[in-house]
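Chemist: The following block contains the structure, expressed as structure tokens.
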Amino acid sequence: MERKFEPLKGLEKLYIRGISLTPSSPSVRFDETLDLTVRFSLAGGARDAFNQETWHKAYENWDKLYRMTYNIGIKKGKVIPTNLVTQKFVRKASFYWTRNPDLNPDYSKKIWVMIILEGREPTIPKDEGNSRTMLFDVEKAFRVLGSDLGKGKQTLKAYAKASWGRHIFGEKGSTKKVSAPIMVTCK
Amino acid sequence: MAQLIHIEKPIETSKNKNFIRQTQSVCPDCLKILPANVFERDGKVFMSKICPTHGECEELYFGSYEMYKKFSTYWMDGKGTLAPNVPIEKCACPTNCGLCSNHLSHTGLGNMIITNRCDLTCWYCFFYVKKGLEGAYVYEPTMEQMTAMIRTLRAQRPVPGNSMQITGGEPTLRDDLPEIVSMIKREGVSHVQLNTNGINIALRPDLAMTLKKAGVSNLYLSFDGTTAKTNPKNHWEAPHTIEACRKAHLGVVLVPTCIKSINDHELGDILRFAQTNIDTVRAISYQPVSLTGRMSKKEREKYRITIPDCIERVEEQTDGEVTKDDWFPIPSCSPVTHFVEAFTKKPQYELSIHFACGAGTYVFFDPETKKLIPITKFVDIKGMLEFLEEKTEELESGANRYLIAAKFLSKINSFVNKEKQPKGLSLAKLLTAALLKHDYSSVGQFHLNSMFLGMMHFQDKYNQDEERLQRCDIHYVTPDLRIIPFCSFNVIPEWYRDRIQQKYGIPIEEWEKKTGEKLEQRLYRGTMRRNIQKHEMNQMACATQAAHIEPITGT
């Protein structure tokens, strides 16, 4: 089936909001590990429009799979930052016709969503808000060795990029952001 | 007629249950449409529903939660049909099937029953016409009716029905079978499969060539086990049937109905038997049993087996040659279909059934090690499907198709481990031909070099899930020019199969008068079994060396 649709008009482009990098401890020994957590959210039109009404529109237009590709990582160094850790993953929203009588008491066509998280973990969200959290909110913990950081005071930054294709939720695009630097001491 | 009822609150789930989703089902007693909970308990998936009149019914739905999770990630609704025969506004499965405007899959495989006569009288079969039963009828649609049925199938849009199974009863009992096959081919159907017990072909090997010439693509051969005990139907005849097909270059699909405690210990032996006939046996379609009639919970637990259970049995009984990780749900083909659709901008044939309905894998035979090599051992299937999804999205976002084709060509080899690939096989070449040329012959070439292992679990009243039914792509064409999903047609025969066939059938006496034949005249009397000598049996029967050969029990 050829998909012929126009993305919803007037939606604000997705952007990364509130990216942060949090260490489990301000210092680490050279032979120990440190947990570093990257957190951020995608905000904007597609997130706001990620609701049952738009899922229905997407489904009706043969736009049944919405993918978000995330590239995240942590860099160390102030002048010429180098990659400490990186990760690429995809989250998907698959729209389907639900027969759940609670969602569909009048037995009409009701579209719901299944979110497939990285690692192919499928979840059917309880409500729209839950689905937005699953698709657009990211929290990733990385474990690094003190030896990877190197001795002394280290400047670390998290970066994130999200990209998506053309869907009812908006034109093809991408967004990226870097967190504020943090200092970690390796002894 | 069933009524729609709505219970305000979902069924309470206790603490040891992990709720997965809510759907609809029917009461196995009164067929009321009911809300049903699908939940996990002890690593297995169950369905539970409460009828206000008949109480709770809990049934095993899927034997492994881990596999359920893996399979569900491939859930993708299909195109449905743009030319429904039953236009209705609200979806009330399993009523009003035909296909209705709410059905979500076009026909993947159409079935046409050409007779309800059979040459066997299996005790458990409720399907064939039995003499002496009040109101018994012979159902044999005329050539005009069958032509109209095929035209209805072909009128589906956006994808006309293109794969047809002739079924029964025993279809080889109809003398005009070759003409029926030719008619189906003339109407434009590419793939014609014959569902048979194979006995008539074993008795008359020339029939295989006649059918091949008429246009039959392959036999769908009932084959429930490798011993006479597990396969009383055609244990002694099946090897002769396969031999006849071998000579006629006619492919065979073995079809075991899998029943726990009856034949589930032979699923590996069936695969070994297929392996020894890999030049002719193109596939095995394991079918976990659909429990018909009224059965107590205890009985159901004795016989109930689901797709993951069968997959685990295959792993155990092949000593890990084919593991549970080698299997994918049938709708995992969707990224391939969608890529071809985005590339060609034309709607393509799609297998969009529910993920819990079917599974499959390909195995290749390594002549050096004499072992079966599942495709997953040398192809990164998950990676390839992800890549195709990504490229489909790029195409749909406006990327240049030639650029995408170039990316595909440069990347496809990276998904194939050439060192582990069976000798003489170039899978990357085959995939390129199939995906970029997207023609039937290149797909056929892929099938010829491998054996497809499939699982298809038809539903019953105990485990019926309307979300599955709405996505069913195995359909029946009927003389009232409807196209009815398998799990409506056979699960609720009083609404569909029996009602339709009775309407278009004739009393046995009338049929006998019309044809000058007695119904029992064509019954198989076990001649091949009686004539065969014991030493010959050991050579010809389908038991593998490891399997125990049971004495002849006769039919």
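Chains: A, B, ... in order of the structure tokens. Residues: from 1 per chain. Ligands: from 1, in order shown.
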Starting from chain A, keep only residues with some atom at most 10 Å from an atom of chain B, counting only C-alpha atoms, and report them as an MDAnalysis selection string.

Modeler: chainID A and resid 1:4 59 62:67 69 90 92 94:103 105:109 114:117 119:126 164:167 171:173

Chemist: Do you know which residues are at most 6 Å from Leu21 in chain A counting only C-alpha atoms, after dropping those on the same chain fewer than 3 positions away, and could you put them as number ranges by chain?

Modeler: A: 37-38, 158

Chemist: Could you write out, as a count of residues only, all the residues of range 245-473 of chain B that DSSP marks as strand (DSSP E or B)?

Modeler: 38

Chemist: Please provide the set of residues having any atom within 8 Å of Ser174 in chain A, restricted to only C-alpha atoms, with same-chain residues fewer than 6 positions apart removed, written as a PDB file with C-alpha atoms, in the first residue's frame.

Modeler:
```
ATOM      1  CA  LEU A  14      11.220  17.736  18.344  1.00  0.00           C
ATOM      2  CA  LYS A 161      21.227  12.805  19.062  1.00  0.00           C
ATOM      3  CA  ALA A 162      17.757  11.680  18.062  1.00  0.00           C
ATOM      4  CA  SER A 163      16.652  11.158  14.488  1.00  0.00           C
ATOM      5  CA  TRP A 164      13.432  10.087  12.816  1.00  0.00           C
TER       6      TRP A 164
END
```
